[in-house]
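Presented below is the structure to which this report refers.
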Amino acid sequence: MTGPSPSSAIRAASNRPGCPTNRMGRPTLAAFLLLRLGWVSAIAVASLAVRLSFPQVLTVDTRTGTITNGKTTTETVDRRYQQIAPTSVPLSKEPLDPKTRLALIRALASEQGFAMRPFPRGHKGLTLIANGKMEPYGEAYLEMATAEGVSAKPGARVVLTGIKIDRNHIVFDLDGGPEPKHRILRHVQIGVGPMMNPVVQDNEQEPTGARLTLVFEKTVPELTGVELKALLAPLISFDVKTPVQAFTDTLPAKLKEAILNHHVLVGMSTEMVLFAKGQPLTKMHEMEGQDPFDEWIYGKPPQDVEFVRLNGNRVIRLEIAKVGETPVVYSKDEVEGLMRTDGSPLFSPSEAKVHYSKSGDVERDSDTQAPAAPPTLRNPGEKLPSDDPQNNQHTGVMRPVQFPKPKPADTPAAEPAPPQASQPGSPPATPAANPPGSPPATQPARQPGANPDEEPAAPAPPAQPVDASPPTPVQPQAPQ
């Protein structure tokens, strides 16, 4: 058994007395649901429609992981990507005429200025409303700069290379713009046969410029060059400045004061350090465990010596050594909080992490401090077999060096006998033969120039025995 079709149900509902109908005589959707589903179902559908009419907004912070439901939270992105302060330049209500148009182009063509905010690459670029706000800003601005890349950093010099005035906006190309000069003709070649030549000569380098669009409410009004520069002041400064002034004008007041006073803070970038101190006298690249870092050294004794340690593009440690004083080490980041949107520091000045390092001949209190460990070649925590009390072999312990003892002679005949005095009347003693093992007696060398045919001379007669009787004393003679 099948139920009634939807069309027959609608006709039946329209035939009931008191049922609201539309222009075509059919019951409305609310009346049909009320009659078909009943009061309970109609109330449930109405409550669902009321909920759908008020959308729910869930905000998820990808950095901290916090979720807020329908509540506005303050963004904590870098202050360089926050919303600008609107300008208040009085504008005329008359539209721009051709003569003023040419005057504006001549006044701003190839004009140089300093970027007050990061200018991202890309075809879209930044959009600035006259006497209004900037689009995009916040997280969207940061994502654009991260995805497209940065064409000009805050404080960098930019050049207006292109100006295009439309009905209600003006487009400025900075540093060549984000598009190539010959976007279409660079792909066209003309030739006969295999020989093809491009229409325009192009080095095929990707453009690195940026784009800025100034939007007006209805039409571009009558403007002068000074008024147009005042409208662009939040993003481009056309004032005469030094590079240091142009860079510090984009920073918070405390950070600007530190750079102008040539002070280094933990958390500064390498660019900030170079603007504050200049090039270092010495640069060293070292390793601390598995982390590489660069050490920049400023100053020489007797002046103050500053050791600036950088990891990547940030200062992670600062040590200041003064003559006759204990070196002071700073390792707490002081810049990250200043660069946030709200500008509040991450910690109070009393919580600054400062400790004093002891080096050289340090005086220690024997009652409260342990003596310093002797120098060793062991690694921290390394143990040797000799440190084990159960090891009786003491492997590896150095002992005194034992020299070998002298050995006695192999045969007693090796030592020569002492000479004996001969008795009177006895034949002279003949020299003994060479003892075994001794080298043979050498003959005296022949004199140079001697005749080789001459016979050798006879040996000399043996020496006469010496009388052992005491000598006769000699009587002294009296003087005559």
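A note on labels: chains of the structure tokens are A, B, ... as shown, every chain counts residues from 1, and ligands are counted from 1 in their shown order.
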
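Close contacts of Asp175 in chain A, defined as residues with an atom at most 7 Å away when counting only C-alpha atoms, with chain neighbours fewer than 3 positions off set aside, comprise Val158, Val159, Leu160, Thr161, Gly209 and Ala210 of chain A.
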
Selection near range 111-128 of chain A, 6 Å with only C-alpha atoms, sequence-local residues under 4 positions removed, as an MDAnalysis selection string: chainID A and resid 134:135 145 148:160 178 210:214 235:238 250

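Taking the backbone of this structure through DSSP, the residues of range 188-353 of chain A that come out as alpha helix (DSSP H) are A:Gly225, A:Val226, A:Glu227, A:Leu228, A:Lys229, A:Ala230, A:Leu231, A:Pro243, A:Val244, A:Gln245, A:Ala246, A:Phe247, A:Thr248, A:Ala253, A:Lys254, A:Leu255, A:Lys256, A:Glu257, A:Ala258, A:Ile259, A:Leu260, A:Thr270, A:Glu271, A:Met272, A:Val273, A:Leu274, A:Phe275, A:Ala276, A:Lys277.
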
Check the DSSP output for the backbone and give back, as a VMD selection string, the residues of range 61-222 of chain A in strand (DSSP E). chain A and resid 67 to 69 112 to 115 119 to 120 126 to 129 134 to 135 150 to 152 157 to 165 169 to 174 189 to 192 195 to 198 210 to 215

What does the file look like for those residues with C-alpha atoms, as a short mmCIF file (atom, residue, chain, number, x, y, z; two decimals), in the first residue's frame?
```cif
data_model
loop_
_atom_site.label_atom_id
_atom_site.label_comp_id
_atom_site.auth_asym_id
_atom_site.auth_seq_id
_atom_site.Cartn_x
_atom_site.Cartn_y
_atom_site.Cartn_z
CA ILE A 67 39.83 28.51 19.92
CA THR A 68 37.40 31.37 20.54
CA ASN A 69 33.66 31.20 19.76
CA GLN A 112 62.57 57.86 -4.84
CA GLY A 113 61.36 57.15 -1.34
CA PHE A 114 61.76 54.82 1.62
CA ALA A 115 59.48 51.86 2.29
CA PHE A 119 56.22 45.39 0.01
CA PRO A 120 55.35 41.88 -1.24
CA LEU A 126 48.90 46.25 -1.58
CA THR A 127 45.76 48.37 -1.79
CA LEU A 128 45.56 51.69 0.07
CA ILE A 129 42.27 53.59 0.42
CA MET A 134 45.11 49.22 3.91
CA GLU A 135 44.25 45.85 2.43
CA VAL A 150 59.37 40.52 -0.18
CA SER A 151 60.40 43.07 -2.79
CA ALA A 152 61.48 45.85 -0.39
CA ARG A 157 64.89 52.70 -0.94
CA VAL A 158 62.18 52.27 -3.61
CA VAL A 159 61.73 53.95 -7.00
CA LEU A 160 58.39 54.74 -8.70
CA THR A 161 59.02 53.25 -12.14
CA GLY A 162 55.41 53.25 -13.38
CA ILE A 163 52.29 55.35 -12.79
CA LYS A 164 48.89 54.52 -14.28
CA ILE A 165 45.89 56.73 -13.49
CA HIS A 169 42.41 54.56 -8.64
CA ILE A 170 46.12 55.10 -9.33
CA VAL A 171 48.50 52.15 -9.78
CA PHE A 172 52.17 52.58 -8.83
CA ASP A 173 54.87 50.11 -9.92
CA LEU A 174 57.86 50.01 -7.59
CA GLN A 189 59.50 35.11 -32.62
CA ILE A 190 59.73 35.98 -36.34
CA GLY A 191 61.87 34.24 -38.93
CA VAL A 192 62.09 32.08 -42.04
CA MET A 195 66.14 30.68 -38.17
CA MET A 196 63.87 32.42 -35.68
CA ASN A 197 64.56 35.73 -33.94
CA PRO A 198 62.64 37.12 -30.96
CA ALA A 210 56.06 45.45 -6.20
CA ARG A 211 52.73 47.14 -6.87
CA LEU A 212 50.69 49.65 -4.86
CA THR A 213 47.13 50.75 -5.70
CA LEU A 214 45.66 53.96 -4.30
CA VAL A 215 41.84 53.82 -4.40
#
```

Polymer residues at most 10 Å from Arg167 in chain A, only C-alpha atoms, same-chain spacing of 4 or more positions, as a list in words: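 Those residues are Pro95, Leu96, Val215, Phe216, Lys218, Thr219, Val220 and Pro221 of chain A.
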
Produce a file of the selected residues containing C-alpha atoms, as an mmCIF file, in the first residue's frame.
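The resulting file, selection02.cif, is shown below:
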```
data_model
loop_
_atom_site.group_PDB
_atom_site.id
_atom_site.type_symbol
_atom_site.label_atom_id
_atom_site.label_comp_id
_atom_site.auth_asym_id
_atom_site.auth_seq_id
_atom_site.Cartn_x
_atom_site.Cartn_y
_atom_site.Cartn_z
ATOM 1 C CA PRO A 95 37.577 65.313 -11.041
ATOM 2 C CA LEU A 96 41.120 65.182 -12.343
ATOM 3 C CA VAL A 215 41.839 53.822 -4.404
ATOM 4 C CA PHE A 216 39.496 56.820 -4.162
ATOM 5 C CA LYS A 218 34.312 57.840 -6.694
ATOM 6 C CA THR A 219 36.820 59.370 -9.072
ATOM 7 C CA VAL A 220 40.388 60.599 -8.832
ATOM 8 C CA PRO A 221 40.052 64.225 -7.652
#
```

If you count only C-alpha atoms, which residues fall within 7 Å of Leu260 in chain A, apart from same-chain ones fewer than 3 positions away, as a VMD selection string? chain A and resid 256 to 257 276

Could you pull the residues within 8 Å of Leu223 in chain A, counting only C-alpha atoms, minus those fewer than 4 positions along the same chain, as a PyMOL selection string? chain A and resi 91-92+96+100+104+227-228

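With distances restricted to only C-alpha atoms, A:Glu319 is the closest residue to Val264 in chain A from A:Glu319, A:Glu336, A:Asp388, A:Asp239.
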
Give me the residues within 12 Å of Ile259 in chain A as a PyMOL selection string, counting only C-alpha atoms and dropping any in the same chain fewer than 5 places off. chain A and resi 244-245+247-249+251-254+264-265+268-269+271-278+335

Tell me which of A:Glu306, A:Glu206, A:Glu288, A:Glu143 sits closest to Tyr81 in chain A, counting only C-alpha atoms.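 Of all the options, A:Glu143 lies closest to Tyr81 in chain A.
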